[in-house]
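S.K.: Structure: upload_38.cif, mmCIF, C-alpha atoms.
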```
data_upload
#
loop_
_atom_site.label_atom_id
_atom_site.label_comp_id
_atom_site.auth_asym_id
_atom_site.auth_seq_id
_atom_site.Cartn_x
_atom_site.Cartn_y
_atom_site.Cartn_z
CA MET A 1 24.94 -54.08 -139.47
CA LEU A 2 28.54 -53.42 -140.39
CA ASP A 3 30.47 -50.80 -138.45
CA LEU A 4 30.46 -47.49 -140.34
CA ASN A 5 34.00 -46.50 -139.41
CA TYR A 6 35.35 -49.96 -140.21
CA VAL A 7 33.72 -49.92 -143.65
CA ARG A 8 34.97 -46.37 -144.27
CA GLU A 9 38.56 -47.25 -143.32
CA ASN A 10 38.62 -50.69 -144.98
CA LEU A 11 36.37 -50.20 -147.98
CA ASP A 12 38.38 -52.29 -150.44
CA LEU A 13 38.79 -55.16 -147.97
CA VAL A 14 35.06 -55.18 -147.15
CA ALA A 15 34.25 -55.13 -150.87
CA ARG A 16 36.48 -58.16 -151.50
CA ARG A 17 35.01 -60.11 -148.58
CA LEU A 18 31.40 -59.31 -149.51
CA ALA A 19 32.08 -60.25 -153.13
CA LEU A 20 32.61 -63.82 -151.88
CA ARG A 21 28.88 -63.92 -151.20
CA GLY A 22 28.09 -63.24 -154.84
CA PRO A 23 28.44 -60.59 -157.51
CA ASN A 24 25.69 -58.34 -156.12
CA ALA A 25 26.52 -58.51 -152.40
CA ALA A 26 28.93 -55.56 -152.49
CA ALA A 27 26.99 -53.52 -155.03
CA GLY A 28 26.02 -50.89 -152.47
CA LEU A 29 29.63 -50.05 -151.66
CA ASP A 30 30.09 -47.91 -154.77
CA ARG A 31 27.20 -45.79 -153.58
CA PHE A 32 28.70 -45.80 -150.08
CA ARG A 33 31.93 -44.39 -151.49
CA GLU A 34 30.04 -41.59 -153.27
CA LEU A 35 27.91 -40.66 -150.25
CA ASP A 36 30.84 -40.74 -147.86
CA ALA A 37 32.96 -38.57 -150.15
CA GLU A 38 30.16 -36.02 -150.40
CA ARG A 39 29.74 -36.09 -146.62
CA ARG A 40 33.47 -35.44 -146.14
CA ARG A 41 33.33 -32.52 -148.60
CA SER A 42 30.37 -31.06 -146.72
CA LEU A 43 32.09 -31.36 -143.35
CA THR A 44 35.30 -29.85 -144.72
CA GLU A 45 33.41 -26.89 -146.15
CA VAL A 46 31.52 -26.42 -142.86
CA GLU A 47 34.79 -26.37 -140.94
CA THR A 48 36.25 -23.80 -143.35
CA LEU A 49 33.14 -21.61 -143.12
CA ARG A 50 33.08 -21.78 -139.32
CA ASN A 51 36.69 -20.70 -139.18
CA ARG A 52 35.82 -17.83 -141.53
CA ARG A 53 32.85 -16.91 -139.32
CA ASN A 54 34.98 -16.92 -136.19
CA THR A 55 37.57 -14.69 -137.83
CA ALA A 56 34.87 -12.38 -139.16
CA SER A 57 33.27 -12.10 -135.73
CA ASP A 58 36.51 -10.68 -134.36
CA GLU A 59 36.74 -8.33 -137.35
CA ILE A 60 33.12 -7.18 -136.91
CA ALA A 61 33.78 -6.47 -133.23
CA ARG A 62 36.89 -4.47 -134.15
CA LEU A 63 35.01 -2.43 -136.77
CA LYS A 64 32.17 -1.65 -134.40
CA LYS A 65 34.61 -0.67 -131.65
CA ASN A 66 36.24 1.76 -134.05
CA LYS A 67 32.81 3.00 -135.17
CA GLN A 68 33.41 1.74 -138.70
CA ASP A 69 30.83 0.26 -141.08
CA ALA A 70 30.54 -3.54 -140.61
CA SER A 71 27.28 -4.04 -142.57
CA ALA A 72 28.90 -5.71 -145.59
CA LEU A 73 30.75 -8.20 -143.40
CA ILE A 74 27.62 -8.87 -141.35
CA ALA A 75 25.67 -9.54 -144.55
CA GLU A 76 28.39 -11.89 -145.74
CA MET A 77 28.31 -13.76 -142.41
CA LYS A 78 24.54 -14.11 -142.74
CA GLN A 79 25.14 -15.94 -146.01
CA VAL A 80 27.89 -18.00 -144.37
CA SER A 81 25.56 -19.01 -141.51
CA ASP A 82 22.84 -19.96 -143.98
CA ARG A 83 25.34 -22.07 -145.91
CA ILE A 84 26.55 -23.79 -142.72
CA LYS A 85 22.97 -24.62 -141.80
CA GLU A 86 22.37 -25.99 -145.31
CA LEU A 87 25.50 -28.11 -145.16
CA ASP A 88 24.67 -29.40 -141.65
CA GLU A 89 21.25 -30.53 -142.89
CA ARG A 90 22.89 -32.14 -145.90
CA ALA A 91 25.38 -33.96 -143.67
CA LYS A 92 22.52 -35.29 -141.53
CA LYS A 93 20.74 -36.52 -144.66
CA LEU A 94 23.94 -38.17 -145.88
CA ASP A 95 24.42 -39.84 -142.48
CA ALA A 96 20.87 -41.22 -142.73
CA ASP A 97 21.52 -42.42 -146.28
CA LEU A 98 24.73 -44.14 -145.20
CA HIS A 99 22.91 -45.80 -142.29
CA GLU A 100 20.17 -47.01 -144.63
CA LEU A 101 22.72 -48.32 -147.10
CA LEU A 102 24.62 -50.19 -144.38
CA ALA A 103 21.34 -51.69 -143.16
CA GLY A 104 20.95 -53.36 -146.54
CA LEU A 105 24.45 -54.87 -146.67
CA PRO A 106 24.95 -58.46 -145.45
CA ASN A 107 27.52 -59.49 -142.89
CA VAL A 108 31.11 -60.01 -143.96
CA PRO A 109 31.93 -63.74 -144.15
CA HIS A 110 34.42 -64.97 -141.58
CA GLN A 111 37.85 -65.65 -143.02
CA SER A 112 37.36 -69.39 -142.43
CA ALA A 113 34.14 -69.54 -144.49
CA PRO A 114 34.80 -71.75 -147.54
CA ALA A 115 34.70 -70.22 -151.00
CA GLY A 116 31.69 -71.16 -153.12
CA SER A 117 28.34 -69.93 -154.33
CA THR A 118 25.83 -72.81 -154.02
CA PRO A 119 24.90 -75.52 -151.49
CA GLU A 120 26.87 -77.97 -153.61
CA ASP A 121 30.01 -76.06 -152.56
CA ASN A 122 29.42 -76.65 -148.83
CA PRO A 123 32.10 -79.03 -147.52
CA GLU A 124 31.07 -81.86 -145.23
CA VAL A 125 32.60 -81.62 -141.74
CA ARG A 126 31.50 -84.91 -140.18
CA ARG A 127 28.84 -87.61 -140.10
CA TRP A 128 27.22 -89.47 -137.24
CA GLY A 129 25.46 -92.82 -137.22
CA THR A 130 24.57 -95.03 -140.15
CA ARG A 131 21.74 -95.11 -142.65
CA PRO A 132 18.97 -97.54 -141.71
CA GLU A 133 18.62 -100.58 -143.92
CA PHE A 134 15.20 -101.74 -145.11
CA SER A 135 13.99 -105.00 -146.63
CA PHE A 136 11.31 -102.97 -148.42
CA THR A 137 11.12 -99.67 -150.26
CA PRO A 138 10.75 -96.94 -147.60
CA LYS A 139 7.94 -94.45 -148.04
CA PRO A 140 8.05 -90.67 -147.68
CA HIS A 141 6.50 -89.21 -144.54
CA TRP A 142 3.46 -87.75 -146.30
CA GLU A 143 2.38 -91.23 -147.39
CA LEU A 144 3.15 -92.73 -143.99
CA GLY A 145 1.38 -89.95 -142.08
CA GLU A 146 -1.75 -90.21 -144.19
CA ALA A 147 -1.87 -94.02 -143.95
CA LEU A 148 -1.42 -93.85 -140.17
CA GLY A 149 -4.15 -91.24 -139.84
CA ILE A 150 -1.84 -88.78 -138.06
CA LEU A 151 -1.12 -86.18 -140.79
CA ASP A 152 -3.76 -84.30 -142.75
CA PHE A 153 -2.98 -81.74 -145.45
CA GLU A 154 -6.45 -81.81 -147.01
CA ARG A 155 -8.26 -80.46 -143.96
CA ALA A 156 -5.47 -77.98 -143.28
CA ALA A 157 -5.96 -76.55 -146.77
CA LYS A 158 -9.69 -76.31 -146.11
CA ILE A 159 -9.35 -74.27 -142.93
CA THR A 160 -6.29 -72.22 -143.95
CA GLY A 161 -4.65 -72.99 -147.29
CA ALA A 162 -1.74 -74.72 -148.93
CA ARG A 163 1.44 -75.38 -146.95
CA PHE A 164 -0.26 -75.96 -143.63
CA ALA A 165 -0.74 -79.26 -141.79
CA VAL A 166 -3.06 -80.80 -139.21
CA TYR A 167 -1.62 -83.44 -136.90
CA TRP A 168 -3.95 -86.05 -135.41
CA ASP A 169 -3.73 -88.22 -132.30
CA LEU A 170 -0.23 -89.70 -131.86
CA GLY A 171 1.01 -87.38 -134.60
CA ALA A 172 0.08 -84.37 -132.47
CA LYS A 173 1.40 -86.04 -129.34
CA LEU A 174 4.70 -86.86 -131.06
CA GLU A 175 5.11 -83.20 -132.01
CA ARG A 176 4.47 -82.16 -128.39
CA ALA A 177 6.78 -84.89 -127.09
CA LEU A 178 9.60 -83.62 -129.30
CA GLN A 179 9.09 -80.07 -128.02
CA ASN A 180 9.34 -81.17 -124.38
CA PHE A 181 12.19 -83.59 -125.04
CA MET A 182 14.30 -80.95 -126.82
CA LEU A 183 13.72 -78.33 -124.14
CA ASP A 184 14.53 -80.83 -121.38
CA VAL A 185 17.81 -81.85 -123.01
CA HIS A 186 18.90 -78.25 -123.64
CA THR A 187 17.97 -76.96 -120.18
CA ARG A 188 18.92 -79.97 -118.04
CA GLN A 189 22.00 -81.17 -119.90
CA ASN A 190 23.24 -78.41 -122.21
CA GLY A 191 22.97 -75.47 -119.82
CA TYR A 192 20.36 -73.25 -121.52
CA THR A 193 17.72 -71.17 -119.75
CA GLU A 194 14.20 -71.76 -121.04
CA VAL A 195 12.23 -68.71 -122.20
CA LEU A 196 8.64 -68.42 -123.41
CA PRO A 197 8.65 -65.23 -125.52
CA PRO A 198 5.80 -63.50 -127.38
CA PHE A 199 5.01 -64.97 -130.77
CA ILE A 200 4.45 -61.46 -132.16
CA VAL A 201 7.22 -58.86 -132.46
CA ASN A 202 7.56 -55.26 -133.62
CA SER A 203 9.54 -53.81 -136.50
CA ALA A 204 12.42 -52.72 -134.26
CA ALA A 205 12.96 -56.33 -133.16
CA LEU A 206 13.03 -57.57 -136.76
CA PHE A 207 15.45 -54.81 -137.73
CA GLY A 208 17.69 -55.82 -134.83
CA THR A 209 18.14 -59.38 -136.10
CA GLY A 210 18.29 -58.41 -139.76
CA GLN A 211 14.93 -59.53 -141.19
CA LEU A 212 13.88 -55.92 -141.83
CA PRO A 213 13.93 -54.01 -144.03
CA LYS A 214 15.41 -56.34 -146.66
CA PHE A 215 13.24 -59.43 -146.10
CA ALA A 216 9.80 -58.01 -145.35
CA GLY A 217 8.36 -60.16 -148.13
CA ASP A 218 9.32 -63.32 -146.25
CA LEU A 219 7.25 -62.33 -143.20
CA PHE A 220 3.61 -62.13 -142.13
CA LYS A 221 2.47 -58.69 -140.89
CA LEU A 222 -0.65 -58.01 -138.86
CA GLU A 223 -2.79 -55.50 -140.71
CA GLY A 224 -3.18 -52.16 -138.98
CA HIS A 225 -0.44 -52.77 -136.38
CA ASP A 226 3.33 -52.60 -136.11
CA PHE A 227 3.22 -56.31 -135.31
CA TRP A 228 4.69 -59.27 -137.17
CA LEU A 229 4.40 -63.02 -136.59
CA VAL A 230 7.77 -64.42 -135.51
CA PRO A 231 9.73 -66.17 -138.29
CA THR A 232 11.91 -67.77 -135.59
CA ALA A 233 12.46 -67.40 -131.83
CA GLU A 234 15.86 -65.94 -132.68
CA VAL A 235 14.07 -62.59 -133.08
CA PRO A 236 12.45 -62.20 -129.63
CA LEU A 237 15.28 -63.96 -127.78
CA THR A 238 18.04 -61.77 -129.21
CA ASN A 239 15.98 -58.61 -128.76
CA LEU A 240 15.42 -59.30 -125.07
CA PHE A 241 18.67 -57.39 -124.58
CA ARG A 242 18.15 -54.66 -127.18
CA GLY A 243 19.54 -51.33 -125.98
CA GLU A 244 21.15 -52.88 -122.89
CA VAL A 245 24.69 -52.93 -121.50
CA LEU A 246 25.56 -56.29 -119.94
CA ASP A 247 28.34 -57.06 -117.48
CA SER A 248 31.08 -59.30 -118.85
CA ASP A 249 30.51 -61.84 -116.07
CA GLN A 250 26.97 -62.40 -117.42
CA LEU A 251 28.38 -63.82 -120.65
CA PRO A 252 27.69 -66.17 -122.25
CA ILE A 253 23.91 -66.00 -121.95
CA LYS A 254 22.38 -69.24 -123.29
CA LEU A 255 18.65 -69.27 -124.06
CA ALA A 256 16.27 -71.91 -125.45
CA ALA A 257 12.68 -71.33 -126.53
CA PHE A 258 9.85 -73.15 -128.27
CA THR A 259 7.72 -71.13 -130.68
CA PRO A 260 5.67 -71.65 -133.78
CA CYS A 261 7.39 -69.97 -136.74
CA PHE A 262 5.61 -68.22 -139.58
CA ARG A 263 7.19 -67.63 -143.00
CA SER A 264 5.66 -66.64 -146.30
CA GLU A 265 8.27 -68.70 -148.19
CA ALA A 266 8.32 -65.99 -150.87
CA GLY A 267 10.07 -67.19 -153.99
CA SER A 268 9.95 -70.85 -152.96
CA TYR A 269 6.81 -71.93 -154.79
CA GLY A 270 7.42 -75.10 -156.71
CA LYS A 271 10.03 -76.25 -154.19
CA ASP A 272 9.28 -79.08 -151.74
CA VAL A 273 5.56 -78.81 -152.39
CA ARG A 274 4.83 -82.17 -150.77
CA GLY A 275 5.07 -82.91 -147.08
CA LEU A 276 6.33 -80.88 -144.16
CA ILE A 277 9.63 -79.54 -145.51
CA ARG A 278 8.48 -76.04 -146.47
CA GLN A 279 5.42 -74.93 -144.50
CA HIS A 280 4.05 -71.47 -143.74
CA GLN A 281 3.77 -72.49 -140.08
CA PHE A 282 6.07 -74.88 -138.29
CA GLN A 283 7.30 -75.42 -134.74
CA LYS A 284 10.88 -75.11 -133.59
CA VAL A 285 13.08 -75.07 -130.52
CA GLU A 286 15.61 -72.28 -130.97
CA LEU A 287 18.95 -71.74 -129.25
CA VAL A 288 20.43 -68.25 -128.83
CA LYS A 289 23.71 -67.19 -127.24
CA ILE A 290 24.93 -63.74 -126.28
CA ALA A 291 28.71 -64.12 -126.09
CA HIS A 292 31.99 -62.35 -125.48
CA PRO A 293 33.66 -61.61 -128.86
CA GLY A 294 36.74 -63.55 -127.85
CA GLN A 295 34.69 -66.68 -127.12
CA SER A 296 32.00 -66.62 -129.81
CA TYR A 297 33.58 -69.15 -132.15
CA ALA A 298 34.10 -71.64 -129.33
CA GLU A 299 30.46 -71.02 -128.43
CA LEU A 300 29.45 -71.74 -132.06
CA GLU A 301 31.15 -75.13 -131.91
CA GLY A 302 29.39 -75.84 -128.62
CA MET A 303 25.99 -74.78 -129.94
CA THR A 304 26.38 -77.03 -132.97
CA ARG A 305 27.26 -79.98 -130.73
CA ASP A 306 24.22 -79.19 -128.55
CA ALA A 307 21.93 -79.34 -131.58
CA GLU A 308 23.57 -82.58 -132.71
CA SER A 309 22.97 -84.14 -129.30
CA ILE A 310 19.22 -84.25 -130.00
CA LEU A 311 19.71 -86.33 -133.15
CA GLN A 312 22.16 -88.60 -131.39
CA LYS A 313 19.69 -89.31 -128.59
CA LEU A 314 17.06 -90.09 -131.24
CA ASN A 315 19.60 -92.26 -133.12
CA LEU A 316 19.05 -90.43 -136.41
CA HIS A 317 21.82 -90.46 -139.01
CA TYR A 318 23.03 -86.97 -139.95
CA ARG A 319 25.90 -84.97 -141.32
CA VAL A 320 27.29 -81.49 -140.59
CA VAL A 321 28.29 -79.18 -143.45
CA GLU A 322 29.97 -75.79 -143.34
CA LEU A 323 28.25 -73.17 -145.46
CA CYS A 324 30.34 -71.55 -148.16
CA ALA A 325 30.42 -67.75 -148.33
CA GLY A 326 27.86 -67.63 -151.14
CA ASP A 327 25.33 -69.71 -149.17
CA LEU A 328 25.49 -67.80 -145.88
CA GLY A 329 22.42 -66.12 -144.43
CA PHE A 330 22.23 -62.33 -144.44
CA ALA A 331 23.34 -61.81 -140.82
CA SER A 332 25.76 -64.72 -140.50
CA ALA A 333 29.56 -64.60 -140.60
CA LYS A 334 29.89 -68.41 -140.27
CA THR A 335 27.29 -71.19 -140.30
CA TYR A 336 27.13 -74.94 -139.83
CA ASP A 337 24.11 -76.79 -141.23
CA ILE A 338 23.04 -80.10 -139.70
CA GLU A 339 21.31 -82.34 -142.24
CA VAL A 340 19.35 -85.43 -141.23
CA TRP A 341 18.99 -88.45 -143.50
CA VAL A 342 15.42 -89.09 -144.73
CA PRO A 343 15.27 -92.48 -146.46
CA GLY A 344 11.82 -92.04 -147.99
CA GLN A 345 13.29 -89.22 -150.08
CA GLU A 346 16.85 -90.60 -150.18
CA VAL A 347 18.40 -87.27 -149.29
CA PHE A 348 19.90 -85.33 -146.42
CA ARG A 349 17.56 -82.54 -145.26
CA GLU A 350 18.61 -79.47 -143.27
CA ILE A 351 17.27 -79.70 -139.74
CA SER A 352 19.36 -77.00 -138.05
CA SER A 353 21.53 -74.00 -138.97
CA CYS A 354 23.92 -72.79 -136.28
CA SER A 355 25.36 -69.35 -136.97
CA ASN A 356 27.71 -66.80 -135.46
CA CYS A 357 26.55 -63.31 -136.42
CA GLU A 358 29.46 -61.70 -134.57
CA ALA A 359 28.54 -58.04 -133.82
CA PHE A 360 26.26 -57.67 -136.86
CA GLN A 361 22.96 -58.04 -134.97
CA ALA A 362 24.33 -56.49 -131.77
CA ARG A 363 25.16 -53.29 -133.65
CA ARG A 364 21.66 -53.12 -135.14
CA ALA A 365 20.05 -53.80 -131.76
CA ASN A 366 22.66 -51.89 -129.71
CA ILE A 367 23.56 -54.76 -127.37
CA ARG A 368 26.80 -54.07 -125.52
CA PHE A 369 28.83 -55.37 -122.61
CA ARG A 370 31.27 -53.74 -120.22
CA PRO A 371 34.59 -55.59 -119.95
CA ALA A 372 35.76 -56.40 -116.44
CA GLY A 373 37.55 -53.36 -115.04
CA GLY A 374 36.85 -51.35 -118.18
CA ARG A 375 34.88 -48.21 -118.78
CA LYS A 376 34.36 -48.38 -122.54
CA THR A 377 31.61 -50.73 -123.69
CA GLU A 378 31.91 -53.17 -126.59
CA MET A 379 29.45 -54.96 -128.83
CA VAL A 380 28.58 -58.52 -127.87
CA HIS A 381 28.49 -61.34 -130.41
CA THR A 382 25.17 -63.09 -131.04
CA LEU A 383 24.66 -66.69 -132.12
CA ASN A 384 21.57 -68.68 -133.02
CA GLY A 385 20.68 -72.19 -134.07
CA SER A 386 17.75 -74.59 -134.34
CA GLY A 387 17.72 -77.11 -131.60
CA LEU A 388 15.82 -78.52 -133.60
CA ALA A 389 13.12 -77.85 -136.20
CA ILE A 390 10.38 -80.03 -134.75
CA GLY A 391 8.44 -80.80 -137.93
CA ARG A 392 11.55 -81.97 -139.73
CA THR A 393 12.54 -84.10 -136.74
CA TRP A 394 9.00 -85.53 -136.75
CA LEU A 395 9.21 -86.52 -140.41
CA ALA A 396 12.73 -87.91 -139.97
CA ILE A 397 11.42 -90.22 -137.25
CA LEU A 398 8.58 -91.45 -139.46
CA GLU A 399 10.85 -92.16 -142.40
CA ASN A 400 13.75 -93.69 -140.45
CA TYR A 401 11.67 -95.76 -138.00
CA GLN A 402 9.02 -97.04 -140.44
CA GLN A 403 8.30 -100.77 -140.50
CA GLU A 404 7.22 -103.05 -143.34
CA ASP A 405 3.71 -103.37 -141.89
CA GLY A 406 3.23 -99.59 -142.12
CA SER A 407 3.73 -98.89 -138.43
CA VAL A 408 6.42 -96.59 -137.03
CA LEU A 409 8.57 -97.37 -133.99
CA ILE A 410 8.97 -94.58 -131.44
CA PRO A 411 12.60 -93.84 -130.46
CA GLU A 412 13.30 -94.99 -126.91
CA ALA A 413 14.24 -91.48 -125.77
CA LEU A 414 10.70 -90.25 -126.57
CA ARG A 415 8.70 -93.09 -125.03
CA PRO A 416 8.55 -91.54 -121.54
CA TYR A 417 6.93 -88.48 -123.16
CA LEU A 418 4.29 -90.67 -124.84
CA ASP A 419 3.08 -92.68 -121.85
CA GLY A 420 5.43 -95.51 -122.78
CA ALA A 421 4.00 -96.01 -126.30
CA GLU A 422 6.43 -97.97 -128.46
CA ARG A 423 4.80 -97.82 -131.87
CA ILE A 424 2.42 -95.78 -134.00
CA THR A 425 -0.07 -97.99 -135.82
CA PRO A 426 -2.94 -97.17 -138.21
CA ARG A 427 -6.06 -96.19 -136.32
CA GLY A 428 -8.33 -95.49 -139.24
CA ARG A 429 -8.25 -92.06 -140.88
CA LEU A 430 -11.40 -90.02 -140.44
CA ALA A 431 -13.04 -90.18 -143.85
CA ALA A 432 -14.01 -86.85 -145.39
CA LYS A 433 -17.73 -86.44 -146.03
CA SER A 434 -18.86 -84.87 -149.24
#
```
Rewrite the structure from the file as structure tokens, please.

M.R.:
Amino acid sequence: MLDLNYVRENLDLVARRLALRGPNAAAGLDRFRELDAERRRSLTEVETLRNRRNTASDEIARLKKNKQDASALIAEMKQVSDRIKELDERAKKLDADLHELLAGLPNVPHQSAPAGSTPEDNPEVRRWGTRPEFSFTPKPHWELGEALGILDFERAAKITGARFAVYWDLGAKLERALQNFMLDVHTRQNGYTEVLPPFIVNSAALFGTGQLPKFAGDLFKLEGHDFWLVPTAEVPLTNLFRGEVLDSDQLPIKLAAFTPCFRSEAGSYGKDVRGLIRQHQFQKVELVKIAHPGQSYAELEGMTRDAESILQKLNLHYRVVELCAGDLGFASAKTYDIEVWVPGQEVFREISSCSNCEAFQARRANIRFRPAGGRKTEMVHTLNGSGLAIGRTWLAILENYQQEDGSVLIPEALRPYLDGAERITPRGRLAAKS
């Protein structure tokens, strides 16, 4: 959430910066201006009336002391008190309306965020590795997975519905190997603390990271409870510190967690309908940092490099792009996307987004720190990034390491997690019985 006083004092600047996100991003600021002006008028009138009441109180005391009639003035002050009470209630309502309005506004893009409105406007920052060369036409992962007997969408649809997957045998083991590999790299080499959070969160947690109230339609809610399935581990990890004041020497806090992620993918029907790209349930290792404001952009660069390190160890070709202002997520001030090359589809696919939310989430979740030697607390900066999306890493391995005979080589870095297995070969898909 944006800071109320900052928006109030810099309304035109905030409007210009939000307009970079798109024509509707700053629409609520006109209403903000109206509500805030009315609130100021109410407070000014209250102050005037209280001064009048204080003066009248002295006058009433004087009249009574002189045994003069004060009934008219007392009656007037009764009306003044009623009006003050009415205006106080109105000011409270206006404060609530302003808070609600701010809760619906996205974060202000960082000044370094490139101008643009679509993914095509995202400039490329760097590339790593080279595209694999094939002497045959590479297949997409959904064909490879089915032929190998390790990926099953048909049975998943039978037990749940569309956009779910069942992994078999080495397919399931590869998913688990990637989970353990990623967590080991991030905790042993990149300095993160592993956390196993709940996979269900409450509304306050989702408000804290910005999913609620604006994006309720993208989530899965448990009927009859104030419980939601996590859309990403960013939500529970960030909210571990909700309502807390941290010491400056605790920063940065670096956390890594594996969770399944659940998303309704509202509005995405017709997009990426084949394969694992856009599922209702997928697994991910998430990275979260709680940082000092003066260090958060250095921490963003470090987090992005940490996510990249996984792809480098797996020898997967990728590129890093910087999101333009119009393509930023709701809570982000600056984001890097990491996109892995998938030859079966001949395209780069996003596999991680690393974002600095600055104080946007911290203000919503009230996460503060106390500077060394200081008394006044400040908001921390929060960062998050995928380290990585496991399903997309899984499919990238299948497509990049496929062989002409239909088998798939296992990257050397993963072989210790798969009992030394070097290759996935067809084992005979279980035939469906009618």

S.K.: To verify the selection step, state as a ChimeraX atom specification which residues the PyMOL selection byres ((chain A and resi 286-294) around 6) yields on this input.

M.R.: /A:233,251-257,285,295-296,380-387

S.K.: Calculated over all atoms listed in the file, which of the candidates A:Val125, A:Phe164, A:Ile397, A:Ile84 has the smallest distance to Val273 (chain A)?

M.R.: A:Phe164

S.K.: When you count all atoms listed in the file, which of these residues is closest to Tyr192 (chain A): A:Asp306, A:Asp82, A:Glu100, A:Asp247?

M.R.: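 Under the stated criterion, the closest residue is A:Asp306.
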
S.K.: Measuring atom to atom with only C-alpha atoms, identify which of A:Phe199, A:Phe215, A:Trp142, A:Trp394 is nearest to Phe262 (chain A).

M.R.: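 Under the stated criterion, the closest residue is A:Phe199.
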
S.K.: Mind listing as a ChimeraX atom specification all residues within 12 Å of (22.7, -77.3, -135.6), counting all atoms listed in the file?

M.R.: /A:285-288,300-311,318-322,335-340,350-356,383-389

S.K.: Please indicate the distance in Å from CA of Ala113 (chain A) to CA of Val14 (chain A), rounded to one decimal place.

M.R.: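 Between these atoms lies a distance of 14.6 Å.
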
S.K.: Residues within 12 Å of Asp152 (chain A), please, as a PyMOL selection string. Count all atoms listed in the file; anything in the same chain fewer than 3 positions from it doesn't count.

M.R.: chain A and resi 141-149+155-159+162-169+171-172+274-276+429-432

S.K.: Using only C-alpha atoms, which of A:Met379, A:Lys93, A:Ala205, A:Asp69 sits nearest Pro236 (chain A)?

M.R.: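 The shortest atom-to-atom distance to Pro236 (chain A) comes from A:Ala205.
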
S.K.: For Ser42 (chain A), which of A:Leu63, A:Val185, A:Val342, A:Leu87 is the closest residue, counting all atoms listed in the file?

M.R.: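 When distances to Ser42 (chain A) are compared using all atoms listed in the file, the smallest one comes from A:Leu87.
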
S.K.: Excluding His317 (chain A) and its own-chain neighbours fewer than 3 positions away, which residues fall within 6 Å of it when counting all atoms listed in the file? Please give them as an MDAnalysis selection string.

M.R.: chainID A and resid 128:131 341

S.K.: So that I can check the surroundings of Asp95 (chain A), please list as a ChimeraX atom specification every protein, DNA and RNA residue that reaches within 12 Å of it, counting all atoms listed in the file and ignoring chain neighbours fewer than 2 positions away.

M.R.: /A:4,32,35-40,42-43,88-93,97-102

S.K.: Could you check the closest approach to Thr425 (chain A) for each of A:Ala96, A:Ile150, A:Ser203, A:Gly344 and tell me which residue wins, using all atoms listed in the file?

M.R.: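 The shortest atom-to-atom distance to Thr425 (chain A) comes from A:Ile150.
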
S.K.: Excluding Asp226 (chain A) and residues on its chain fewer than 3 positions from it, collect all residues at most 12 Å away from it, counting only C-alpha atoms, and give them as a list in words.

M.R.: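 With the cut-off at 12 Å, the set is Ile200, Val201, Asn202, Ser203, Ala204, Ala205, Leu206, Phe220, Lys221, Leu222, Glu223 and Leu229 of chain A.
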
S.K.: Export, as a JSON list (two decimals), keeping the file's coordinate frame, the selected residues with C-alpha atoms.

M.R.:
```json
[["chain", "number", "residue", "atom", "x", "y", "z"],
["A", 200, "ILE", "CA", 4.45, -61.46, -132.16],
["A", 201, "VAL", "CA", 7.22, -58.86, -132.46],
["A", 202, "ASN", "CA", 7.56, -55.26, -133.62],
["A", 203, "SER", "CA", 9.54, -53.81, -136.50],
["A", 204, "ALA", "CA", 12.42, -52.72, -134.26],
["A", 205, "ALA", "CA", 12.96, -56.33, -133.16],
["A", 206, "LEU", "CA", 13.03, -57.57, -136.76],
["A", 220, "PHE", "CA", 3.61, -62.13, -142.13],
["A", 221, "LYS", "CA", 2.47, -58.69, -140.89],
["A", 222, "LEU", "CA", -0.65, -58.01, -138.86],
["A", 223, "GLU", "CA", -2.79, -55.50, -140.71],
["A", 229, "LEU", "CA", 4.40, -63.02, -136.59]]
```

S.K.: How would you write, as a PyMOL selection string, the residues chosen by the PyMOL selection byres ((chain A and resi 407-420) around 10) on this structure?

M.R.: chain A and resi 144-145+147-148+170+173-174+176-182+310+313-316+397-406+421-426

S.K.: On this structure, the PyMOL selection byres ((chain A and resi 108) around 8) would catch which residues? List them as a ChimeraX atom specification, sorted by chain and number.

M.R.: /A:2,14,17-18,106-107,109-110,332-333

S.K.: Save out the residues we just selected, C-alpha atoms, as a CSV table (one decimal), in the frame of the given file.

M.R.:
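Dumped everything to part33.csv:
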```
chain,number,residue,atom,x,y,z
A,2,LEU,CA,28.5,-53.4,-140.4
A,14,VAL,CA,35.1,-55.2,-147.2
A,17,ARG,CA,35.0,-60.1,-148.6
A,18,LEU,CA,31.4,-59.3,-149.5
A,106,PRO,CA,25.0,-58.5,-145.4
A,107,ASN,CA,27.5,-59.5,-142.9
A,109,PRO,CA,31.9,-63.7,-144.2
A,110,HIS,CA,34.4,-65.0,-141.6
A,332,SER,CA,25.8,-64.7,-140.5
A,333,ALA,CA,29.6,-64.6,-140.6
```

S.K.: In Å to one decimal, how far is CA of Met1 (chain A) from CA of Arg364 (chain A)?

M.R.: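 Computing the Euclidean distance for CA of Arg364 (chain A) and CA of Met1 (chain A) yields 5.5 Å.
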
S.K.: Between CA of Cys324 (chain A) and CA of Phe207 (chain A), what distance in Å does the model show, to one decimal?

M.R.: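 Going from CA of Cys324 (chain A) over to CA of Phe207 (chain A), I get 24.7 Å.
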
S.K.: Once 6 Å is added on each side, what centre and edge lengths in Å to one decimal does the axis-aligned box around all listed atoms of region 361-375 of chain A have, as JSON?

M.R.:
```
{"center_x": 28.8, "center_y": -53.1, "center_z": -125.1, "size_x": 29.5, "size_y": 21.8, "size_z": 32.1}
```
